[in-house]
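The structure appears below as structure tokens.
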Amino acid sequence: MCISTGEAAFSGTIVYCGRQHHRVHGLVHVLGYQNTAVNLADGPNAMLLHLPTKQLTPRHFLSAGRAGDILHRMVAAVEHVAATADGIAWMGAEPRPVQVFDHDVYTVLLADDPTAVPAALWQVPPHRRPDLDPDLLHFYADHFPDHTIAVCCFDNADAQRAKPLLLWYSPLDPDRLTVPALDSHTGKAPDLDATVPVDHWVLFSTDEASSDWGVPVAYPGDMRHRLRTFLPTAVVGRHYGRGQSLPNGDFTINHRDLLTGDLDRIERLQPTRC
């Protein structure tokens with residue numbers, strides 16, 4: 001459940017999206033993303049994530065610090081009540097300079113226009129600098145024109161010790177929580193007509209739910225206060241795997257449906273075709 005710039009194998013993916021009113025930043029969505037990556041390319045590789053926001057900078061990325069197991073703690077909280085889904089709904093659905101910075105084991109490139117990324121690759125250290133297929137970047141430019149694209153560059157040594165990617169942003173649609181889940185591990189643009197195998201947890205939260213909603217998450221006592229202000233008290237989630245395949249696409253749920261705790265309302269969202 002990932003798009004990579006070169007051949008790779010990803011397993012055990014956990015994705016999280018939370019909706020909350022932050023005391024400083026107002027209504028935001030918080031994204032968490034983690035998997036086990038094996039780079040099968042001859043050189044460096046990268047994950048690409050399309051994020052439903054126009055305002056994303058390095059300051060939006062959160063350090064997990066000593067709490068590198070945050071997403072696994074969320075999974076542990078919901079694992080005993082979550083069940084594998086039998087079915088899932090289907091939905092159709094001047095560039096700024098590329099920002100380049102280091103975050104955990106990644107060198108990240110952020111771009112409103114994905115086609116501007118190649119001109120900034122010289123800023124990526126050679127051991128993390130991937131080869132980028134122009135067709136893949138044009139796919140993002142054509143199908144996600146309102147999104148920010150994050151290219152998270154890594155090498156094999158990096159992948160083995162990566163902490164979860166955590167970031168917050170002002171969403172394009174505050175009432176729809178979406179996690180990137182398009183799949184292509186060959187460096188090519190994803191096949192929107194494909195059915196792809198899945199092996200991941202999908203987690204959601206909202207701070208507008210009642211006190212008995214979801215399952216509480218136990219965080220480490222030494223977690224940084226700044227990070228804790230972005231994290232939920234309770235989450236809901238569902239596991240997709242065990243030989244299951246789904247149409248290629250993202251996962252999304254309406255906030256109204258999330259408040260009811262009805263995870264059968266999670267949908268697969270496909271980008272608009274050009």
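Residue numbering restarts at 1 in every chain; chains get A, B, ... in the order shown in the structure tokens, and ligands count up from 1 in that same order.
Within segment 146-237 of chain A, residues classed as helix (DSSP H, G or I) by DSSP on backbone coordinates are Asn156, Ala157, Asp158, Ala159, His225, Arg226, Leu227 and Arg228 of chain A.
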Next item on the list: Would you mind listing what lies within 8 Å of segment 220-233 of chain A as a PyMOL selection string, with only C-alpha atoms counted and same-chain residues fewer than 6 positions away left out?
Entry: chain A and resi 18+20+22+30+62-67+168+205-207
Check: In Å to one decimal, how far is atom CA of Arg238 of chain A from atom CA of Glu79 of chain A?
Finding: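 Distance reported for this atom pair: 7.9 Å.
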Any chance you could tabulate, as a tab-separated table, the residues of segment 152-231 of chain A at most 12 Å from segment 109-114 of chain A with each one's nearest atom pair and distance in Å to one decimal, using only C-alpha atoms, in chain and rising number order?
residue	atom	partner	partner_atom	distance
A:Cys152	CA	A:Leu109	CA	6.6
A:Cys153	CA	A:Leu109	CA	8.1
A:Phe154	CA	A:Leu109	CA	11.7
I need the chosen residues saved as a short mmCIF file (atom, residue, chain, number, x, y, z; two decimals), in the first residue's frame, with N, CA and C atoms.
data_model
loop_
_atom_site.label_atom_id
_atom_site.label_comp_id
_atom_site.auth_asym_id
_atom_site.auth_seq_id
_atom_site.Cartn_x
_atom_site.Cartn_y
_atom_site.Cartn_z
N CYS A 152 9.52 10.90 -0.12
CA CYS A 152 10.31 10.55 1.08
C CYS A 152 11.43 9.59 0.66
N CYS A 153 12.63 10.12 0.52
CA CYS A 153 13.75 9.37 -0.05
C CYS A 153 14.50 8.59 1.04
N PHE A 154 14.87 7.35 0.74
CA PHE A 154 15.55 6.51 1.72
C PHE A 154 16.47 5.53 1.02
#
Next item on the list: For atom CA of Asp133 of chain A and atom CA of Ser245 of chain A, determine how far apart the two atoms are, in Å to one decimal place.
Entry: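 Answer for the atom CA of Asp133 of chain A to atom CA of Ser245 of chain A separation: 26.2 Å.
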Checklist line | Option closest in space to Asp131 of chain A, from A:Ala162, A:Ala41, A:Val202, A:Ala116 [counting only C-alpha atoms] | finding: A:Ala41
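Going from atom CA of Phe144 of chain A over to atom CA of His255 of chain A, you cover 21.5 Å.
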Notebook entry, point to check: Smallest atom-to-atom distance to Pro164 of chain A: which of A:Val236, A:Leu31, A:Val179, A:Ala150, using only C-alpha atoms?
Noted result: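 Smallest separation from Pro164 of chain A among the options: A:Leu31.
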Next item on the list: Compare A:Asp155, A:Asp175, A:Asp199, A:Asp135 by their minimum atom-to-atom distance to Arg242 of chain A, counting only C-alpha atoms, and give me the closest one.
Entry: A:Asp199
Note to self: I'd like to know which residues of segment 89-226 of chain A are strand (DSSP E) (by DSSP, run on the backbone); could you write them as a VMD selection string?
What the structure shows: chain A and resid 89 to 91 99 to 103 106 to 111 148 to 154 165 to 169 176 to 179 195 to 197 200 to 206 215 to 216
Could you please take those selected residues and save N, CA and C atoms as a short mmCIF file (atom, residue, chain, number, x, y, z; two decimals), in the first residue's frame?
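Saved to again-v6.cif:
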data_model
loop_
_atom_site.label_atom_id
_atom_site.label_comp_id
_atom_site.auth_asym_id
_atom_site.auth_seq_id
_atom_site.Cartn_x
_atom_site.Cartn_y
_atom_site.Cartn_z
N ALA A 89 -16.91 0.12 0.02
CA ALA A 89 -17.56 0.96 -0.99
C ALA A 89 -16.51 1.55 -1.91
N TRP A 90 -16.94 2.07 -3.03
CA TRP A 90 -16.05 2.61 -4.06
C TRP A 90 -16.50 4.02 -4.42
N MET A 91 -15.56 4.93 -4.52
CA MET A 91 -15.86 6.31 -4.90
C MET A 91 -15.01 6.71 -6.09
N GLN A 99 10.33 22.21 -1.54
CA GLN A 99 10.98 22.30 -0.24
C GLN A 99 11.69 20.97 0.03
N VAL A 100 12.94 21.04 0.42
CA VAL A 100 13.75 19.85 0.66
C VAL A 100 14.30 19.92 2.08
N PHE A 101 14.11 18.86 2.85
CA PHE A 101 14.59 18.84 4.24
C PHE A 101 14.72 17.40 4.71
N ASP A 102 15.46 17.21 5.79
CA ASP A 102 15.62 15.89 6.40
C ASP A 102 14.62 15.73 7.53
N HIS A 103 14.01 14.54 7.61
CA HIS A 103 13.09 14.21 8.69
C HIS A 103 13.29 12.74 9.03
N TYR A 106 14.55 10.07 6.47
CA TYR A 106 14.18 10.46 5.12
C TYR A 106 14.75 11.83 4.74
N THR A 107 15.02 12.01 3.46
CA THR A 107 15.11 13.34 2.88
C THR A 107 13.81 13.55 2.13
N VAL A 108 13.05 14.57 2.52
CA VAL A 108 11.70 14.78 2.02
C VAL A 108 11.69 15.95 1.05
N LEU A 109 11.01 15.77 -0.08
CA LEU A 109 10.75 16.84 -1.02
C LEU A 109 9.25 17.10 -1.03
N LEU A 110 8.84 18.34 -0.78
CA LEU A 110 7.43 18.74 -0.82
C LEU A 110 7.20 19.62 -2.03
N ALA A 111 6.14 19.32 -2.80
CA ALA A 111 5.90 20.09 -4.01
C ALA A 111 4.41 20.19 -4.29
N THR A 148 -0.56 18.42 -2.03
CA THR A 148 0.88 18.52 -1.88
C THR A 148 1.45 17.11 -1.96
N ILE A 149 2.52 16.95 -2.72
CA ILE A 149 3.15 15.65 -2.89
C ILE A 149 4.42 15.61 -2.03
N ALA A 150 4.54 14.55 -1.24
CA ALA A 150 5.73 14.34 -0.42
C ALA A 150 6.51 13.15 -0.99
N VAL A 151 7.75 13.39 -1.38
CA VAL A 151 8.64 12.33 -1.86
C VAL A 151 9.64 12.06 -0.73
N CYS A 152 9.52 10.90 -0.12
CA CYS A 152 10.31 10.55 1.08
C CYS A 152 11.43 9.59 0.66
N CYS A 153 12.63 10.12 0.52
CA CYS A 153 13.75 9.37 -0.05
C CYS A 153 14.50 8.59 1.04
N PHE A 154 14.87 7.35 0.74
CA PHE A 154 15.55 6.51 1.72
C PHE A 154 16.47 5.53 1.02
N LEU A 165 6.08 8.21 10.01
CA LEU A 165 5.91 9.57 9.52
C LEU A 165 4.66 10.15 10.18
N LEU A 166 4.80 11.30 10.80
CA LEU A 166 3.68 11.97 11.46
C LEU A 166 3.66 13.42 11.02
N LEU A 167 2.51 13.91 10.59
CA LEU A 167 2.40 15.30 10.18
C LEU A 167 0.98 15.78 10.32
N TRP A 168 0.82 17.10 10.44
CA TRP A 168 -0.50 17.70 10.55
C TRP A 168 -0.65 18.72 9.42
N TYR A 169 -1.90 19.00 9.06
CA TYR A 169 -2.15 19.95 7.97
C TYR A 169 -3.58 20.45 8.02
N ARG A 176 -13.90 15.21 5.60
CA ARG A 176 -13.59 13.92 4.98
C ARG A 176 -12.16 13.56 5.33
N LEU A 177 -12.00 12.43 6.02
CA LEU A 177 -10.68 11.96 6.44
C LEU A 177 -10.19 10.94 5.43
N THR A 178 -9.02 11.20 4.84
CA THR A 178 -8.51 10.36 3.76
C THR A 178 -7.05 10.02 4.03
N VAL A 179 -6.68 8.76 3.78
CA VAL A 179 -5.28 8.36 3.90
C VAL A 179 -4.81 7.85 2.53
N THR A 195 -6.72 -4.50 -9.30
CA THR A 195 -7.07 -4.95 -7.96
C THR A 195 -5.77 -5.35 -7.28
N VAL A 196 -5.52 -4.81 -6.08
CA VAL A 196 -4.21 -4.98 -5.45
C VAL A 196 -4.35 -5.70 -4.10
N PRO A 197 -3.35 -6.51 -3.73
CA PRO A 197 -3.38 -7.15 -2.41
C PRO A 197 -3.16 -6.11 -1.32
N HIS A 200 -2.58 -4.18 5.74
CA HIS A 200 -2.40 -2.98 6.55
C HIS A 200 -3.59 -2.70 7.46
N TRP A 201 -3.30 -1.87 8.45
CA TRP A 201 -4.32 -1.33 9.34
C TRP A 201 -4.66 0.08 8.91
N VAL A 202 -5.95 0.41 8.97
CA VAL A 202 -6.43 1.77 8.70
C VAL A 202 -7.10 2.28 9.96
N LEU A 203 -6.60 3.40 10.51
CA LEU A 203 -7.04 3.94 11.79
C LEU A 203 -7.55 5.36 11.62
N PHE A 204 -8.59 5.71 12.40
CA PHE A 204 -9.15 7.05 12.37
C PHE A 204 -9.46 7.51 13.78
N SER A 205 -9.54 8.84 13.94
CA SER A 205 -9.97 9.40 15.23
C SER A 205 -10.62 10.76 15.00
N THR A 206 -11.37 11.21 16.00
CA THR A 206 -11.96 12.55 16.02
C THR A 206 -12.11 12.99 17.46
N VAL A 215 -11.72 3.10 21.18
CA VAL A 215 -10.95 2.46 22.25
C VAL A 215 -9.78 3.35 22.64
N PRO A 216 -9.52 3.49 23.94
CA PRO A 216 -8.44 4.38 24.41
C PRO A 216 -7.07 3.87 23.95
#
Next item on the list: Extract, using only C-alpha atoms, all DNA, RNA and protein residues at most 6 Å from His147 of chain A, discarding same-chain residues fewer than 2 positions from it, and format them as a PyMOL selection string.
Entry: chain A and resi 51-54+144-145
Keeping only N, CA and C atoms, write the selected residues as a PDB file, in the first residue's frame.
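Listed below is the output, again-v8.pdb:
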ATOM      1  N   LEU A  51      -1.068  14.340  -0.324  1.00  0.00           N
ATOM      2  CA  LEU A  51      -1.711  14.824   0.888  1.00  0.00           C
ATOM      3  C   LEU A  51      -2.717  15.906   0.541  1.00  0.00           C
ATOM      4  N   PRO A  52      -3.963  15.774   1.038  1.00  0.00           N
ATOM      5  CA  PRO A  52      -5.042  16.691   0.649  1.00  0.00           C
ATOM      6  C   PRO A  52      -4.939  18.049   1.346  1.00  0.00           C
ATOM      7  N   THR A  53      -3.910  18.792   1.007  1.00  0.00           N
ATOM      8  CA  THR A  53      -3.702  20.121   1.564  1.00  0.00           C
ATOM      9  C   THR A  53      -2.842  20.939   0.604  1.00  0.00           C
ATOM     10  N   LYS A  54      -3.020  22.246   0.639  1.00  0.00           N
ATOM     11  CA  LYS A  54      -2.192  23.139  -0.164  1.00  0.00           C
ATOM     12  C   LYS A  54      -1.119  23.813   0.682  1.00  0.00           C
ATOM     13  N   PHE A 144      -3.888  14.745  -8.979  1.00  0.00           N
ATOM     14  CA  PHE A 144      -3.961  15.377  -7.655  1.00  0.00           C
ATOM     15  C   PHE A 144      -3.512  16.835  -7.728  1.00  0.00           C
ATOM     16  N   PRO A 145      -4.153  17.631  -8.567  1.00  0.00           N
ATOM     17  CA  PRO A 145      -3.685  19.005  -8.784  1.00  0.00           C
ATOM     18  C   PRO A 145      -3.792  19.904  -7.562  1.00  0.00           C
TER      19      PRO A 145
END
Check: Of the candidates A:His127, A:Asp146, A:His138, A:Lys163, which one gets nearest to Gln34 of chain A if we count only C-alpha atoms?
Finding: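 Selected residue with least distance to Gln34 of chain A: A:Lys163.
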Check: Which of these residues is nearest to Asn39 of chain A, using only C-alpha atoms: A:His21, A:Ala218, A:Gly68, A:Ala9?
Finding: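 Smallest separation from Asn39 of chain A among the options: A:Ala9.
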Notebook entry, point to check: When distances are computed from only C-alpha atoms, which of A:Leu27, A:Thr13, A:His72, A:Val198 shows the smallest separation from Gln244 of chain A?
Noted result: A:Val198
